[in-house]
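**Q** query-v5.cif is the file, holding mmCIF, C-alpha atoms and all ligand atoms:
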```cif
data_coords
#
loop_
_atom_site.group_PDB
_atom_site.id
_atom_site.type_symbol
_atom_site.label_atom_id
_atom_site.label_comp_id
_atom_site.auth_asym_id
_atom_site.auth_seq_id
_atom_site.Cartn_x
_atom_site.Cartn_y
_atom_site.Cartn_z
ATOM 1 C CA MET A 1 20.027 -6.027 0.660
ATOM 2 C CA SER A 2 20.275 -7.018 -2.921
ATOM 3 C CA ARG A 3 18.863 -6.048 -6.236
ATOM 4 C CA LEU A 4 16.332 -8.229 -7.979
ATOM 5 C CA GLU A 5 15.713 -8.751 -11.677
ATOM 6 C CA ILE A 6 12.871 -6.605 -12.984
ATOM 7 C CA ARG A 7 10.569 -8.571 -15.253
ATOM 8 C CA ILE A 8 9.820 -7.020 -18.628
ATOM 9 C CA PHE A 9 6.406 -7.085 -20.322
ATOM 10 C CA GLY A 10 5.955 -10.454 -21.969
ATOM 11 C CA ASP A 11 6.849 -12.281 -18.759
ATOM 12 C CA PRO A 12 3.681 -14.156 -17.714
ATOM 13 C CA VAL A 13 4.102 -13.247 -14.026
ATOM 14 C CA LEU A 14 3.064 -9.675 -14.872
ATOM 15 C CA ARG A 15 -0.365 -10.953 -15.919
ATOM 16 C CA GLN A 16 -0.992 -13.023 -12.807
ATOM 17 C CA ARG A 17 -2.919 -12.033 -9.695
ATOM 18 C CA ALA A 18 -0.721 -11.849 -6.620
ATOM 19 C CA HIS A 19 -1.774 -13.644 -3.423
ATOM 20 C CA GLU A 20 -2.678 -12.118 -0.068
ATOM 21 C CA VAL A 21 0.255 -11.848 2.327
ATOM 22 C CA GLU A 22 -0.417 -13.831 5.505
ATOM 23 C CA ASP A 23 3.022 -14.078 7.114
ATOM 24 C CA PHE A 24 4.475 -10.776 8.266
ATOM 25 C CA ASP A 25 7.896 -12.199 8.934
ATOM 26 C CA GLY A 26 11.538 -11.465 8.238
ATOM 27 C CA ARG A 27 11.251 -12.838 4.725
ATOM 28 C CA LEU A 28 8.611 -10.252 3.856
ATOM 29 C CA ALA A 29 10.754 -7.451 5.293
ATOM 30 C CA LYS A 30 13.788 -8.736 3.341
ATOM 31 C CA LEU A 31 11.771 -8.847 0.115
ATOM 32 C CA ALA A 32 10.509 -5.289 0.700
ATOM 33 C CA GLY A 33 14.084 -4.108 1.371
ATOM 34 C CA ASP A 34 15.346 -5.750 -1.796
ATOM 35 C CA MET A 35 12.474 -4.189 -3.742
ATOM 36 C CA PHE A 36 13.411 -0.736 -2.407
ATOM 37 C CA ASP A 37 16.993 -1.252 -3.561
ATOM 38 C CA THR A 38 15.819 -2.476 -6.948
ATOM 39 C CA MET A 39 13.355 0.412 -7.366
ATOM 40 C CA ARG A 40 15.913 3.065 -6.418
ATOM 41 C CA ALA A 41 18.593 1.604 -8.678
ATOM 42 C CA ALA A 42 16.117 1.698 -11.574
ATOM 43 C CA GLU A 43 15.031 5.251 -10.605
ATOM 44 C CA GLY A 44 11.406 4.179 -10.317
ATOM 45 C CA VAL A 45 8.765 5.618 -7.996
ATOM 46 C CA GLY A 46 6.969 2.311 -7.494
ATOM 47 C CA LEU A 47 7.585 -1.422 -7.791
ATOM 48 C CA ALA A 48 5.129 -4.279 -7.324
ATOM 49 C CA ALA A 49 6.225 -7.747 -6.213
ATOM 50 C CA ASN A 50 4.987 -9.257 -9.496
ATOM 51 C CA GLN A 51 7.640 -7.174 -11.224
ATOM 52 C CA VAL A 52 10.384 -9.101 -9.446
ATOM 53 C CA GLY A 53 8.647 -12.422 -10.041
ATOM 54 C CA VAL A 54 6.992 -12.793 -6.623
ATOM 55 C CA LEU A 55 3.214 -13.242 -6.475
ATOM 56 C CA LYS A 56 2.609 -11.449 -3.168
ATOM 57 C CA ARG A 57 0.332 -8.461 -2.640
ATOM 58 C CA LEU A 58 3.161 -6.082 -1.814
ATOM 59 C CA PHE A 59 4.503 -2.962 -3.440
ATOM 60 C CA THR A 60 7.063 -0.317 -2.580
ATOM 61 C CA TRP A 61 6.891 3.332 -3.546
ATOM 62 C CA GLU A 62 9.053 6.390 -3.051
ATOM 63 C CA VAL A 63 8.884 9.946 -4.298
ATOM 64 C CA PRO A 64 12.003 12.065 -3.809
ATOM 65 C CA GLN A 65 11.374 15.398 -2.095
ATOM 66 C CA GLU A 66 13.453 18.534 -2.524
ATOM 67 C CA ASP A 67 14.310 18.665 1.182
ATOM 68 C CA GLY A 68 15.729 15.137 0.896
ATOM 69 C CA ASP A 69 13.049 13.759 3.197
ATOM 70 C CA ASP A 70 11.683 11.290 0.652
ATOM 71 C CA LEU A 71 8.117 10.020 0.945
ATOM 72 C CA GLY A 72 7.474 6.343 0.512
ATOM 73 C CA GLY A 73 6.961 2.978 2.091
ATOM 74 C CA ALA A 74 5.968 -0.641 1.703
ATOM 75 C CA VAL A 75 2.288 -1.448 1.199
ATOM 76 C CA VAL A 76 0.818 -4.910 1.845
ATOM 77 C CA ASN A 77 -2.624 -6.262 0.872
ATOM 78 C CA PRO A 78 -3.988 -2.907 -0.350
ATOM 79 C CA THR A 79 -7.726 -2.479 -0.974
ATOM 80 C CA LEU A 80 -9.219 0.448 -2.831
ATOM 81 C CA LEU A 81 -11.952 1.809 -0.535
ATOM 82 C CA ASP A 82 -12.950 4.858 -2.518
ATOM 83 C CA ALA A 83 -12.002 6.698 -5.707
ATOM 84 C CA SER A 84 -13.172 10.019 -7.165
ATOM 85 C CA GLU A 85 -14.643 8.489 -10.310
ATOM 86 C CA GLU A 86 -16.054 11.882 -11.392
ATOM 87 C CA ASP A 87 -12.904 13.831 -10.611
ATOM 88 C CA LEU A 88 -10.102 12.578 -12.831
ATOM 89 C CA GLN A 89 -6.488 13.530 -13.541
ATOM 90 C CA ASP A 90 -4.482 13.296 -16.749
ATOM 91 C CA GLY A 91 -0.770 12.622 -16.735
ATOM 92 C CA GLU A 92 2.097 10.717 -18.268
ATOM 93 C CA GLU A 93 2.755 7.295 -16.845
ATOM 94 C CA GLY A 94 5.582 4.829 -17.248
ATOM 95 C CA CYS A 95 6.472 1.461 -15.776
ATOM 96 C CA LEU A 96 9.747 -0.281 -14.949
ATOM 97 C CA SER A 97 8.440 -3.312 -16.860
ATOM 98 C CA PHE A 98 8.159 -1.112 -19.990
ATOM 99 C CA PRO A 99 11.565 0.627 -20.031
ATOM 100 C CA GLY A 100 11.559 4.044 -21.669
ATOM 101 C CA LEU A 101 7.845 4.103 -22.535
ATOM 102 C CA PHE A 102 5.583 6.907 -21.312
ATOM 103 C CA TYR A 103 1.960 7.463 -22.271
ATOM 104 C CA PRO A 104 -0.931 9.557 -20.962
ATOM 105 C CA VAL A 105 -3.213 7.704 -18.560
ATOM 106 C CA GLN A 106 -6.372 9.040 -16.953
ATOM 107 C CA ARG A 107 -6.832 8.150 -13.276
ATOM 108 C CA PRO A 108 -9.055 9.208 -10.393
ATOM 109 C CA LEU A 109 -7.690 12.336 -8.682
ATOM 110 C CA ARG A 110 -8.348 11.138 -5.123
ATOM 111 C CA ILE A 111 -8.443 7.681 -3.565
ATOM 112 C CA GLU A 112 -8.775 6.072 -0.185
ATOM 113 C CA VAL A 113 -6.885 2.833 0.431
ATOM 114 C CA GLY A 114 -6.818 0.335 3.262
ATOM 115 C CA TYR A 115 -3.657 -1.748 3.626
ATOM 116 C CA GLN A 116 -1.278 -3.403 6.054
ATOM 117 C CA ASP A 117 2.238 -2.321 6.896
ATOM 118 C CA LEU A 118 5.213 -4.682 7.145
ATOM 119 C CA GLY A 119 4.278 -5.403 10.757
ATOM 120 C CA GLY A 120 0.779 -6.518 9.721
ATOM 121 C CA ASP A 121 -0.986 -3.517 11.286
ATOM 122 C CA HIS A 122 -3.994 -2.195 9.386
ATOM 123 C CA GLN A 123 -3.714 1.329 7.996
ATOM 124 C CA LYS A 124 -5.882 3.664 5.976
ATOM 125 C CA VAL A 125 -4.725 6.561 3.816
ATOM 126 C CA GLN A 126 -6.191 9.212 1.529
ATOM 127 C CA LEU A 127 -4.086 10.145 -1.466
ATOM 128 C CA GLU A 128 -4.328 12.755 -4.168
ATOM 129 C CA GLY A 129 -2.717 13.568 -7.492
ATOM 130 C CA TYR A 130 0.626 11.952 -8.264
ATOM 131 C CA PHE A 131 0.520 9.794 -5.126
ATOM 132 C CA ALA A 132 -2.916 8.432 -6.052
ATOM 133 C CA ARG A 133 -1.587 7.698 -9.549
ATOM 134 C CA ILE A 134 1.374 5.710 -8.211
ATOM 135 C CA TRP A 135 -0.735 3.656 -5.808
ATOM 136 C CA LEU A 136 -3.388 2.885 -8.441
ATOM 137 C CA HIS A 137 -0.675 1.815 -10.899
ATOM 138 C CA GLU A 138 0.915 -0.497 -8.319
ATOM 139 C CA MET A 139 -2.413 -1.921 -7.125
ATOM 140 C CA ASP A 140 -3.225 -2.742 -10.759
ATOM 141 C CA HIS A 141 0.021 -4.759 -10.960
ATOM 142 C CA LEU A 142 -1.130 -6.947 -8.070
ATOM 143 C CA ASN A 143 -4.186 -7.874 -10.163
ATOM 144 C CA GLY A 144 -2.200 -8.531 -13.337
ATOM 145 C CA ILE A 145 -3.325 -5.242 -14.895
ATOM 146 C CA LEU A 146 -0.743 -3.054 -16.639
ATOM 147 C CA PHE A 147 -0.774 0.641 -17.488
ATOM 148 C CA VAL A 148 -1.002 -0.144 -21.196
ATOM 149 C CA ASP A 149 -4.453 -1.605 -20.485
ATOM 150 C CA HIS A 150 -5.643 1.958 -19.762
ATOM 151 C CA LEU A 151 -4.328 3.430 -23.021
ATOM 152 C CA ALA A 152 -6.247 4.448 -26.083
ATOM 153 C CA LYS A 153 -6.132 1.737 -28.737
ATOM 154 C CA HIS A 154 -3.524 3.434 -30.927
ATOM 155 C CA ASP A 155 -1.179 4.143 -27.997
ATOM 156 C CA LYS A 156 -1.552 0.588 -26.720
ATOM 157 C CA GLN A 157 -0.694 -0.927 -30.102
ATOM 158 C CA GLU A 158 2.364 1.312 -30.380
ATOM 159 C CA ALA A 159 3.489 0.524 -26.828
ATOM 160 C CA LEU A 160 3.211 -3.227 -27.373
ATOM 161 C CA ARG A 161 5.139 -2.953 -30.634
ATOM 162 C CA ARG A 162 7.902 -0.949 -28.950
ATOM 163 C CA ILE A 163 8.204 -3.364 -26.045
ATOM 164 C CA ARG A 164 8.431 -6.311 -28.450
ATOM 165 C CA ASP A 165 11.292 -4.529 -30.209
ATOM 166 C CA TYR A 166 12.917 -3.858 -26.824
ATOM 167 C CA ARG A 167 12.738 -7.538 -25.873
ATOM 168 C CA ILE A 168 14.419 -8.521 -29.122
ATOM 169 C CA GLU A 169 17.120 -5.841 -28.713
ATOM 170 C CA GLN A 170 17.821 -7.076 -25.188
ATOM 171 C CA GLY A 171 18.017 -10.695 -26.316
ATOM 172 C CA LEU A 172 14.954 -11.678 -24.268
ATOM 173 C CA ASP A 173 13.194 -13.010 -27.384
ATOM 174 C CA ASP A 174 14.318 -14.313 -30.733
ATOM 175 C CA PRO A 175 13.277 -12.120 -33.612
ATOM 176 C CA THR A 176 10.296 -13.644 -35.373
ATOM 177 C CA PRO A 177 11.392 -14.921 -38.768
ATOM 178 C CA PRO A 178 9.751 -12.746 -41.399
ATOM 179 C CA LYS A 179 7.034 -14.415 -43.426
ATOM 180 C CA PRO A 180 6.443 -13.342 -47.007
ATOM 181 C CA GLY A 181 3.850 -10.600 -47.144
ATOM 182 C CA GLY A 182 3.172 -10.995 -43.470
ATOM 183 C CA LEU A 183 4.480 -9.548 -40.265
ATOM 184 C CA LEU A 184 6.691 -6.806 -41.649
ATOM 185 C CA LEU A 185 3.736 -4.831 -42.920
ATOM 186 C CA GLY A 186 2.752 -3.699 -39.453
ATOM 187 C CA ARG A 187 6.196 -2.546 -38.363
ATOM 188 C CA ARG A 188 7.020 1.095 -37.965
ATOM 189 C CA PRO A 189 10.122 2.506 -39.608
ATOM 190 C CA ARG A 190 12.760 3.238 -36.955
HETATM 191 ZN ZN ZN B 201 4.440 -0.605 -13.357
#
```
Would you mind writing the structure in this file as structure tokens?
Ligand code: ZN

**A**
Amino acid sequence: MSRLEIRIFGDPVLRQRAHEVEDFDGRLAKLAGDMFDTMRAAEGVGLAANQVGVLKRLFTWEVPQEDGDDLGGAVVNPTLLDASEEDLQDGEEGCLSFPGLFYPVQRPLRIEVGYQDLGGDHQKVQLEGYFARIWLHEMDHLNGILFVDHLAKHDKQEALRRIRDYRIEQGLDDPTPPKPGGLLLGRRPR
């Protein structure tokens, strides 16, 4: 198993729709294993294939439990079958593609999802609370949707500004040359 590079917001692959998985072979299992390693090393609870630059409808998730018997798995070709649109939950959400950023996101409290496991067998599951939040977040990734898309306007603007700063700090982007009277006006003091 090996760790993969996690793509940071700004990478176009995060905005693309991932393709249905058709081959349930050793390569898929290897990718899922590598994604587990990558997710654990980054201390995340979920990771979608887009986030490691692979446009396949696959995500991994894992929530540590106090008894050490962690809950998680690999989910292929998920479809949202039902969601409690009237019954919502509020909570903080983050994303490995937005390091260090957490914002409140409202999500349905309960969902039902159909999916395939790594062997290609069809499964169905009902999820509630934090688990529903994780799965909805990861299913969004497979459609090129990111958690910042669910934020209130002010939070979204701040998040995008902070991730731009992060990319520059990490050397992923060149700082934009300041233009007189222009871009600096919108920047927050740090
Ligand atoms: Zn994410």

**Q** Mind giving me the straight-line distance from atom CA of A:Ser2 to atom CA of A:Asp34 in Å, one decimal?

**A** 5.2 Å

**Q** For this file, the PyMOL selection byres (((chain A and resi 42-54) around 6) and not hetatm) selects which residues, as a list in words?

**A**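 Taken over the shown coordinates, the PyMOL selection byres (((chain A and resi 42-54) around 6) and not hetatm) returns Glu5, Ile6, Arg7, Leu14, Met39, Arg40, Ala41, Leu55, Lys56, Leu58, Phe59, Thr60, Trp61, Glu62, Val63 and Glu138 of chain A.
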
**Q** With only C-alpha atoms as the basis for distance, which of A:Gln89, A:Gln65, A:Asn77, A:Ser97 is at the shortest distance from A:Leu160?

**A** A:Ser97

**Q** Can you tell me, as a list in words, what residues are no more than 8 Å from stretch 79-82 of chain A when counting all atoms listed in the file, ignoring any on the same chain fewer than 2 positions away?

**A**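 Listing them by chain and then by number gives Asn77, Ser84, Ile111, Glu112, Val113, Gly114 and Tyr115 of chain A.
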
**Q** I'd like the residues picked by the PyMOL selection byres (((chain A and resi 104-106) around 8) and not hetatm) written out as a ChimeraX atom specification, using the chain letters and numbers from the file.

**A** /A:88-93,102-103,107-108,147,150-151

**Q** Could you tell me how far atom CA of A:Gly94 sits from atom CA of A:Gly129, in Å to one decimal place?

**A**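 Atom-to-atom, atom CA of A:Gly129 and atom CA of A:Gly94 are spaced 15.5 Å apart.
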
**Q** Mind pulling up the distance from atom CA of A:Arg110 to atom CA of A:Ala32?

**A**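 Computing the Euclidean distance for atom CA of A:Ala32 and atom CA of A:Arg110 yields 25.7 Å.
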
**Q** Could you give me the centre and size, in Å to one decimal, of an axis-aligned box around all listed atoms of stretch 73-80 of chain A with 8 Å added on every side, as lines of an AutoDock Vina configuration file?

**A**
```
center_x = -1.1
center_y = -1.6
center_z = -0.4
size_x = 32.2
size_y = 25.2
size_z = 20.9
```

**Q** Env of A:Gln116: 9 Å cut, atoms = all atoms listed in the file, seq-sep filter 5 positions within chain, self excluded. Answer as a PyMOL selection string.

**A** chain A and resi 74-78+121-124

**Q** Kindly indicate which residue among A:Lys153, A:His141, A:Lys30, A:Arg161 lies nearest to ligand ZN 201 (chain B), using all atoms listed in the file for the distances.

**A** A:His141

**Q** Check the smallest atom-to-atom distance from each of A:Asp155, A:Phe98, A:Ile134, A:Gly119 to A:Gly10 using only C-alpha atoms, then report the winner.

**A**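 So, comparing all the options, the nearest one is A:Phe98.
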
**Q** Counting only C-alpha atoms and all ligand atoms, which of A:Ile145, A:Leu136, A:Leu31, A:Cys95 gets nearest to ligand ZN 201 (chain B)?

**A**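 For ligand ZN 201 (chain B), the nearest of the candidates is A:Cys95.
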
**Q** Name the closest residue to ligand ZN 201 (chain B) among the candidates A:Asp37, A:Asp173, A:Asp140, A:Glu66; distances are taken between atoms, counting all atoms listed in the file.

**A**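 Going through A:Asp37, A:Asp173, A:Asp140, A:Glu66 one by one, the smallest distance to ligand ZN 201 (chain B) is for A:Asp140.
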
**Q** Tell me which of A:Gly33, A:Pro99, A:Gly120, A:Gly171 sits closest to ligand ZN 201 (chain B), counting only C-alpha atoms and all ligand atoms.

**A** A:Pro99
